[in-house]
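S.K.: Let me begin by handing over the structure; questions about it come next.
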Amino acid sequence: MKQLGIVGQSVKRSDGIGHVTGQTEYVDDVFYPGMLWLKMVRSPVSRGRIRRVDTSNAERLPGVAAVVTAKDVPNNWYTILCLIGIEPNDEPVLADEEVMYEGEPICAVVAETEDIAREAASLVKLEIDEQEPVLDVEYALSPDAPAIKKWGNNTFMYDGMNHRRLRFGDVDRGFEEADHIVEGTYQMTPIEHVPMETQVCIVKPEPNGRLTIHSNTQALYFTMDNTAIILKVPSNRLRLVGGTVGGGFGGKVDVITEPVTSIAAMKTGRPVKWRWTREEEFRRSSVRGACKMEYRDGVMNDGRIVARKVRSLHDAGAYHRHSPYGVQKNMANLTGPYSIPNVWVDCYCVYTNRQPSSAMRGFAVTEATFAVEVQMDRIASVIGMDPWEIRMVNAYRNGQMKPVRKVVEDATLLETLKAAAQLVGVARGADDMAEGGVHGIREPRHARDELRLLPRLGARRGDEQHEVSGGRLAGVHDVVPETGRAGVRLSLAVVLDPGDADRPALGLDHERAFEHVDERRGEVLLLPALAAGRQLDNLAGESSWNRYRDAGNRPGRAHEAPALDARRLRRLRVLRVRAPHENEQPDHDCDRALEFHRSPPPMPHALPERVT
Amino acid sequence: MATQLATHIVGFQLNGRPHAVTVAPLTTLRTALREELHLHATKAGCGQGGCGSCTVLLDNELVLSCLVPVTLVDGRSVTTLEGIGRPGRLHPLQEAFHDHFAAQCGYCTAGMIMAAKWLLDRNPNPTRAQIQTALAGNLCRCTGYLPIIEAIEDAARRMSKGERR
């Protein structure tokens with residue numbers, strides 16, 4: 001028990017002494033005898049087809065040990081989220097047919113010194129037929145724009161649609177009832193993480209056939225998985241050394257340096273270091289994507305937001321990376337910590353010929369929060385209400401259903417508002433909330449009234465019917481698990497109950513979710529909005545799935561897909577290709593994309609079994 | 001550039017001891033420190049004099065070692081973070097940085113402490129504005145700077161109380 005005394009205490013960093021004395025070893029501090037240096041040859045144009053890559057002059061330069069091209073990459077696809085269903089493969093590790101953004105890696109030169117590598121890289125001759133680039137998200141969505149993606153449009157495909165949809169309640173009715181309509185458009189430019197330490201990687205071939213990889217990745221297991229997939233080697237061939245990161249902020253989640261450096265080390269049999277210049281870090285590394293969010297809110301005179309319609313555009317740049325996942329998070333957070341009974345969201349993950357955007361601190365939630373809070377102030381200004389009060393009126397209360405079908409638990413916005421009001425010395429925030437209410441905070445009366453109108457835990461079966469992206473949630477109370485928590489703790493899945501009034505169809509405690517499905521022959525719907533792979537690994541583990549299948553269960557309506565095996569299920573976990581919502585017309589460009597998903601073209605070149 | 005030979009021999013005092021390196025022309029002090037002498041406290045952040053990660057003292061003046069050709073250092077005196085304290089024998093600035101959580105990722109820390117040492121060597125009792133001015137050439141992406149400024153204020157107090165150095 002004594003150990004627990006550490007909670008609430010300020011403790012010093014375990015690596016602090018190393019930091020303040022300069023003894024902490026970062027990746028760039030590691031040098032091996034005989035180490036080679038790598039430099040990347042990058043695309044000079046934003047979009048084009050590669051006609052020829054002539055590396056002969058570079059190879060002839062004294063001191064050059066090897067040139068690594070696309071042909072040397074055993075599996076020339078980098079799809080970091082392939083394990084949670086982001087597809088199809090799209091981004092080559094090294095470009096071989098086309099280039100999609102200025103600075104895209106084409107081939108790597110490995111030499112005795114960094115200077116020789118830099119000079120050799122400048123000797124590689126590129127012949128590229130330049131094509132018209134798409135550099136703006138609105139243009140990318142317009143019919144005039146060329147389709148830069150193989151599947152025939154410029155968006156990521158969610159469930160067979162060119163955007164991620166969220167539908168909750170009836171927005172049109174909400175707008176009709178509203179006293180005011182408040183609109184606002186919010187935009188953010190791309191943002192670079194600017195870690196003080198640029199990307200660095202060292203790979204050393206070991207005599208036992210393994211590769212020792214010194215990486216400054218933020219995500220060692222991402223790096224191990226994706227490097228193994230790209231090298232086509234078992235992950236036990238890779239020994240990752242990491243943990244010391246000179247600033248990341250999301251910029252070191254992508255697996256960019258390790259695969260190419262590994263191939264260079266395998267090809268030469270010598271240790272290889274690749275470190276990026278500051279210019280590369282700024283201009284070639286992934287960024288936080290540009291975002292544009294158009295809001296239309298229906299608001300009552302008492303401050304309640306009764307309807308919200310949002311169109312959100314996210315510039316993914318040239319390739320997936322983490323953007324499709326980030327856009328889902330954006331979709332789930334465009335209502336902020338506020339209860340809005342009628343919500344309509346269309347989120348587009350748009351591809352352009354710009355440097356890929358990817359993870360950065362909160363993915364696209366930060367963008368959503370920015371838009372939500374400025375919009376709250378705008379609404380307060382339009383209806384003449386105190387900005388503190390309008391947030392209190394609309395704040396989540398425990399038990400309310402969010403538009404993503406997650407029940408609010410442990411809501412603390414009111415307490416946070418009260419504390420913030422006191423901290424900044426806003427009298428009305430503190431005084432007006434002096435008595436009663438949740439945890440001593442008085443809720444404005446109309447907010448309490450609204451609370452009763454919203455679906456909440458404990459409602460009787462059949463009281464509320466909620467659509468869940470094509471499926472149907474059989475009564476809100478069905479998300480109340482036996483433990484009282486599981487549906488929310490996972491934040492990922494609800495069990496759809498096909499009927500039968502006696503037993504609640506729940507119990508989402510990993511394995512138990514499937515046990516319950518076994519008994520009830522129900523369906524499992526994975527809420528894509530909040531899907532995060534690791535928990536789903538447990539939920540959709542093969543053993544559970546096999547038991548489900550062996551028990552004679554067949555996938556029901558929510559699945560649609562035939563021959564659902566464990567591998568298929570894993571792919572379906574987050575982003576299932578499914579018929580569009582029955583009440584909405586599919587978008588014009590969906591058919592081609594769906595066709596592509598069903599039968600992707602073969603790989604552009606034959607793959608060697610392994611690099612020697 | 002690529003085929004230039006390491007032909008220049010440069011000798012200088014480094015953290016109080018004589019050192020010599022054999023380098024190619026235009027090799028920077030930072031590269032000589034990190035890649036010839038393998039003193040890695042001095043960091044490479046931008047190579048353009050923009051971030052301050054490579055800050056060292058040259059004859060007790062603050063310089064960005066990525067912009068100083070090492071040949072210009074011949075016969076002079078260089079102090080790096082390794083020269084002002086080590087684990088078990090910390091400089092008050094290092095103690096204060098550790099105590100105040102002023103190092104997060106740690107990549108800017110060497111430059112920050114060297115800039116702070118330069119300031120406290122000249123002004124043992126700086127105002128907050130003077131500290132901010134002294135750190136103007138050093139970027140940090142983690143801390144938001146406040147813990148660093150507080151650490152320097154605390155170090156100044158510790159040093160004026162007659163703690164070591």
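We name chains A, B, ... following the order of the structure tokens; residues begin at 1 in each chain, and ligands are numbered from 1 as shown.
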Write out as a PyMOL selection string all residues of segment 7-165 of chain B that DSSP puts in strand (DSSP E or B) for this structure's backbone.
M.R.: chain B and resi 8-14+17-23+28+55-58+61-64+69+77-79+86+89
S.K.: Can you tell me, as a list in words, what residues are no more than 9 Å from Pro147 of chain B when counting only C-alpha atoms, ignoring any on the same chain fewer than 5 positions away?
M.R.: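 Neighbouring residues, sequence-local ones excluded: Phe97, His100, Phe101, Ala102, Ala103 and Ile152 of chain B.
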S.K.: Selected residues, C-alpha atoms, written as a CSV table (one decimal), in the first residue's frame, please.
M.R.:
chain,number,residue,atom,x,y,z
B,97,PHE,CA,16.5,21.1,-14.9
B,100,HIS,CA,11.7,21.2,-12.6
B,101,PHE,CA,10.9,18.7,-15.3
B,102,ALA,CA,12.6,21.1,-17.7
B,103,ALA,CA,13.8,18.2,-20.0
B,152,ILE,CA,17.1,28.6,-14.6
S.K.: Quick one: everything within 10 Å of Val53 of chain A, counting only C-alpha atoms, minus sequence neighbours fewer than 5 positions away in the same chain. Send it as a list in words.
M.R.: Thr69, Asp96, Ile106, Cys107, Val124, Lys125, Leu126, Glu127 and Ile128 of chain A
S.K.: Closest to chain B among A:Val245, A:Leu81, A:Ile230, A:Met161, using only C-alpha atoms?
M.R.: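 The shortest atom-to-atom distance to chain B comes from A:Val245.
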S.K.: With only C-alpha atoms as the basis for distance, which of B:Met159, B:Leu39, B:Leu26, B:Val10 is at the shortest distance from chain A?
M.R.: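 Of all the options, B:Leu39 lies closest to chain A.
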S.K.: Among segment 73-139 of chain A, which residues does DSSP mark as alpha helix (DSSP H) when it is run on the backbone? Keep the chain and numbering as in the structure and answer as a list of chain:residue names.
M.R.: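 Put together, the selection reads A:Glu114, A:Asp115, A:Ile116, A:Ala117, A:Arg118, A:Glu119, A:Ala120, A:Ala121, A:Ser122, A:Leu123, A:Val137, A:Glu138, A:Tyr139.
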S.K.: Take the residues just selected and output them with N, CA and C atoms as a CSV table (one decimal), in the first residue's frame.
M.R.:
chain,number,residue,atom,x,y,z
A,114,GLU,N,28.2,10.2,-45.8
A,114,GLU,CA,26.9,10.8,-46.1
A,114,GLU,C,27.1,11.8,-47.3
A,115,ASP,N,28.3,12.4,-47.4
A,115,ASP,CA,28.6,13.3,-48.5
A,115,ASP,C,28.5,12.5,-49.9
A,116,ILE,N,29.2,11.4,-49.9
A,116,ILE,CA,29.2,10.6,-51.1
A,116,ILE,C,27.8,10.2,-51.5
A,117,ALA,N,27.0,9.8,-50.5
A,117,ALA,CA,25.6,9.3,-50.7
A,117,ALA,C,24.8,10.5,-51.3
A,118,ARG,N,25.0,11.7,-50.7
A,118,ARG,CA,24.3,12.9,-51.2
A,118,ARG,C,24.6,13.2,-52.7
A,119,GLU,N,25.9,13.1,-53.0
A,119,GLU,CA,26.4,13.4,-54.3
A,119,GLU,C,25.9,12.3,-55.3
A,120,ALA,N,25.9,11.0,-54.9
A,120,ALA,CA,25.4,10.0,-55.7
A,120,ALA,C,23.9,10.1,-56.0
A,121,ALA,N,23.2,10.5,-55.0
A,121,ALA,CA,21.7,10.7,-55.2
A,121,ALA,C,21.5,11.7,-56.2
A,122,SER,N,22.3,12.7,-56.3
A,122,SER,CA,22.1,13.8,-57.3
A,122,SER,C,22.4,13.3,-58.7
A,123,LEU,N,23.1,12.2,-58.8
A,123,LEU,CA,23.5,11.7,-60.1
A,123,LEU,C,22.5,10.7,-60.7
A,137,VAL,N,-8.7,20.1,-51.8
A,137,VAL,CA,-9.7,19.1,-51.5
A,137,VAL,C,-11.0,19.4,-52.2
A,138,GLU,N,-11.4,20.6,-52.3
A,138,GLU,CA,-12.7,20.9,-53.0
A,138,GLU,C,-12.6,20.5,-54.4
A,139,TYR,N,-11.4,20.9,-55.0
A,139,TYR,CA,-11.2,20.5,-56.4
A,139,TYR,C,-11.2,19.0,-56.6
S.K.: Counting only C-alpha atoms, which of B:Cys46, B:Leu57, B:Leu62, B:Val73 gets nearest to His8 of chain B?
M.R.: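 Nearest candidate to His8 of chain B out of B:Cys46, B:Leu57, B:Leu62, B:Val73: B:Val73.
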S.K.: Give me the residues of chain A that have any atom at most 9 Å from an atom of chain B; for each, the nearest atom pair and the distance in Å, rounded to one decimal. Use only C-alpha atoms, sort by chain and number, and format it as a Markdown table.
M.R.:
| residue | atom | partner | partner_atom | distance |
| --- | --- | --- | --- | --- |
| A:Val11 | CA | B:Asp99 | CA | 8.8 |
| A:Lys12 | CA | B:Asp99 | CA | 6.5 |
| A:Arg13 | CA | B:Phe101 | CA | 7.3 |
| A:Asp15 | CA | B:Gly106 | CA | 8.9 |
| A:Gly16 | CA | B:His98 | CA | 5.6 |
| A:Ile17 | CA | B:Pro87 | CA | 6.5 |
| A:Gly18 | CA | B:Pro87 | CA | 7.6 |
| A:His19 | CA | B:Gly106 | CA | 5.0 |
| A:Val20 | CA | B:Gln94 | CA | 5.3 |
| A:Thr21 | CA | B:Arg86 | CA | 5.5 |
| A:Gly22 | CA | B:Ala41 | CA | 3.9 |
| A:Gln23 | CA | B:Ala41 | CA | 6.4 |
| A:Thr24 | CA | B:Ala41 | CA | 7.9 |
| A:Glu25 | CA | B:His40 | CA | 7.9 |
| A:Tyr26 | CA | B:Tyr107 | CA | 8.6 |
| A:Asp28 | CA | B:Ala44 | CA | 8.6 |
| A:Asp29 | CA | B:His40 | CA | 5.9 |
| A:Phe31 | CA | B:Glu35 | CA | 8.2 |
| A:Pro62 | CA | B:Thr3 | CA | 8.4 |
| A:Gly63 | CA | B:Ala2 | CA | 8.7 |
| A:Thr113 | CA | B:Ala2 | CA | 7.9 |
| A:Glu114 | CA | B:Ala2 | CA | 8.5 |
| A:Asp115 | CA | B:Ala2 | CA | 5.2 |
| A:Ile116 | CA | B:Ala2 | CA | 4.7 |
| A:Ala117 | CA | B:Ala2 | CA | 8.3 |
| A:Arg118 | CA | B:Ala2 | CA | 8.4 |
| A:Glu119 | CA | B:Ala2 | CA | 6.8 |
| A:His193 | CA | B:Arg141 | CA | 8.6 |
| A:Val194 | CA | B:Arg141 | CA | 7.5 |
| A:Pro195 | CA | B:Arg141 | CA | 6.6 |
| A:Met196 | CA | B:Gly45 | CA | 5.4 |
| A:Glu197 | CA | B:Gly45 | CA | 5.7 |
| A:Thr198 | CA | B:Gly45 | CA | 7.0 |
| A:Thr244 | CA | B:Cys105 | CA | 7.9 |
| A:Val245 | CA | B:Cys105 | CA | 6.4 |
| A:Gly246 | CA | B:Cys105 | CA | 5.0 |
| A:Gly247 | CA | B:Cys105 | CA | 5.5 |
| A:Gly248 | CA | B:Cys105 | CA | 8.7 |
| A:Phe249 | CA | B:Cys142 | CA | 8.9 |
| A:Thr277 | CA | B:Cys46 | CA | 6.9 |
| A:Arg278 | CA | B:Cys46 | CA | 5.0 |
| A:Glu279 | CA | B:Cys46 | CA | 8.1 |
S.K.: Kindly export the residues of the current selection with N, CA and C atoms, as a tab-separated table (two decimals), in the first residue's frame.
M.R.:
chain	number	residue	atom	x	y	z
A	11	VAL	N	6.95	13.22	-9.58
A	11	VAL	CA	8.16	12.38	-9.60
A	11	VAL	C	9.06	12.83	-10.74
A	12	LYS	N	10.36	12.60	-10.56
A	12	LYS	CA	11.30	13.02	-11.59
A	12	LYS	C	11.36	11.96	-12.68
A	13	ARG	N	11.72	12.41	-13.86
A	13	ARG	CA	11.82	11.48	-14.99
A	13	ARG	C	12.91	10.46	-14.72
A	15	ASP	N	14.60	9.11	-16.98
A	15	ASP	CA	15.70	9.38	-17.90
A	15	ASP	C	16.23	10.81	-17.74
A	16	GLY	N	15.80	11.50	-16.67
A	16	GLY	CA	16.13	12.92	-16.52
A	16	GLY	C	17.63	13.18	-16.37
A	17	ILE	N	18.30	12.36	-15.56
A	17	ILE	CA	19.74	12.59	-15.37
A	17	ILE	C	20.48	12.42	-16.69
A	18	GLY	N	20.07	11.44	-17.46
A	18	GLY	CA	20.68	11.25	-18.79
A	18	GLY	C	20.46	12.46	-19.67
A	19	HIS	N	19.26	13.01	-19.62
A	19	HIS	CA	18.96	14.17	-20.47
A	19	HIS	C	19.81	15.38	-20.07
A	20	VAL	N	19.89	15.67	-18.75
A	20	VAL	CA	20.55	16.92	-18.35
A	20	VAL	C	22.07	16.81	-18.40
A	21	THR	N	22.59	15.58	-18.52
A	21	THR	CA	24.04	15.44	-18.64
A	21	THR	C	24.47	15.08	-20.05
A	22	GLY	N	23.51	14.92	-20.95
A	22	GLY	CA	23.86	14.58	-22.33
A	22	GLY	C	24.25	13.13	-22.51
A	23	GLN	N	23.95	12.29	-21.52
A	23	GLN	CA	24.34	10.88	-21.61
A	23	GLN	C	23.26	10.00	-22.25
A	24	THR	N	22.04	10.52	-22.38
A	24	THR	CA	20.99	9.73	-23.05
A	24	THR	C	21.41	9.43	-24.48
A	25	GLU	N	21.27	8.17	-24.87
A	25	GLU	CA	21.70	7.80	-26.22
A	25	GLU	C	20.52	7.82	-27.19
A	26	TYR	N	20.54	8.78	-28.10
A	26	TYR	CA	19.54	8.84	-29.17
A	26	TYR	C	20.06	8.04	-30.36
A	28	ASP	N	20.79	8.87	-33.38
A	28	ASP	CA	21.89	9.47	-34.14
A	28	ASP	C	23.21	9.43	-33.36
A	29	ASP	N	23.14	9.06	-32.09
A	29	ASP	CA	24.37	8.96	-31.29
A	29	ASP	C	25.05	7.60	-31.47
A	31	PHE	N	26.97	4.86	-33.57
A	31	PHE	CA	27.82	4.69	-34.74
A	31	PHE	C	28.41	3.29	-34.71
A	62	PRO	N	32.82	6.41	-57.02
A	62	PRO	CA	33.60	5.70	-56.00
A	62	PRO	C	33.00	5.93	-54.61
A	63	GLY	N	32.89	4.86	-53.87
A	63	GLY	CA	32.35	4.97	-52.51
A	63	GLY	C	30.89	4.58	-52.41
A	113	THR	N	30.22	7.46	-47.13
A	113	THR	CA	30.00	8.64	-46.30
A	113	THR	C	28.68	9.29	-46.70
A	114	GLU	N	28.20	10.16	-45.80
A	114	GLU	CA	26.95	10.84	-46.10
A	114	GLU	C	27.13	11.77	-47.31
A	115	ASP	N	28.31	12.38	-47.42
A	115	ASP	CA	28.56	13.29	-48.54
A	115	ASP	C	28.54	12.55	-49.87
A	116	ILE	N	29.18	11.37	-49.90
A	116	ILE	CA	29.18	10.60	-51.14
A	116	ILE	C	27.76	10.17	-51.49
A	117	ALA	N	27.00	9.76	-50.47
A	117	ALA	CA	25.62	9.34	-50.72
A	117	ALA	C	24.80	10.49	-51.29
A	118	ARG	N	25.02	11.68	-50.75
A	118	ARG	CA	24.27	12.85	-51.23
A	118	ARG	C	24.63	13.15	-52.68
A	119	GLU	N	25.94	13.08	-52.97
A	119	GLU	CA	26.36	13.37	-54.34
A	119	GLU	C	25.85	12.30	-55.30
A	193	HIS	N	5.01	18.55	-37.30
A	193	HIS	CA	5.28	18.29	-35.87
A	193	HIS	C	6.55	19.00	-35.40
A	194	VAL	N	7.54	19.11	-36.28
A	194	VAL	CA	8.83	19.70	-35.95
A	194	VAL	C	9.43	19.12	-34.67
A	195	PRO	N	9.65	17.82	-34.62
A	195	PRO	CA	10.41	17.30	-33.49
A	195	PRO	C	11.84	17.83	-33.58
A	196	MET	N	12.47	18.07	-32.45
A	196	MET	CA	13.83	18.60	-32.51
A	196	MET	C	14.78	17.58	-33.13
A	197	GLU	N	14.48	16.30	-32.93
A	197	GLU	CA	15.27	15.24	-33.56
A	197	GLU	C	14.55	14.81	-34.84
A	198	THR	N	15.25	14.85	-35.96
A	198	THR	CA	14.62	14.40	-37.20
A	198	THR	C	14.57	12.87	-37.23
A	244	THR	N	13.88	5.79	-27.03
A	244	THR	CA	14.34	7.16	-26.83
A	244	THR	C	13.99	7.96	-28.07
A	245	VAL	N	13.11	8.91	-27.91
A	245	VAL	CA	12.59	9.68	-29.03
A	245	VAL	C	12.79	11.16	-28.75
A	246	GLY	N	13.49	11.84	-29.63
A	246	GLY	CA	13.72	13.28	-29.45
A	246	GLY	C	12.55	14.09	-29.94
A	247	GLY	N	11.40	13.82	-29.40
A	247	GLY	CA	10.18	14.51	-29.82
A	247	GLY	C	9.48	13.74	-30.93
A	248	GLY	N	8.19	13.52	-30.76
A	248	GLY	CA	7.47	12.76	-31.77
A	248	GLY	C	6.19	13.46	-32.20
A	249	PHE	N	5.26	13.59	-31.26
A	249	PHE	CA	3.98	14.29	-31.49
A	249	PHE	C	3.15	13.65	-32.59
A	277	THR	N	17.46	15.33	-43.06
A	277	THR	CA	17.79	16.73	-42.79
A	277	THR	C	16.54	17.43	-42.27
A	278	ARG	N	16.75	18.62	-41.75
A	278	ARG	CA	15.59	19.38	-41.29
A	278	ARG	C	14.66	19.71	-42.45
A	279	GLU	N	15.23	19.94	-43.62
A	279	GLU	CA	14.38	20.23	-44.78
A	279	GLU	C	13.52	19.02	-45.12
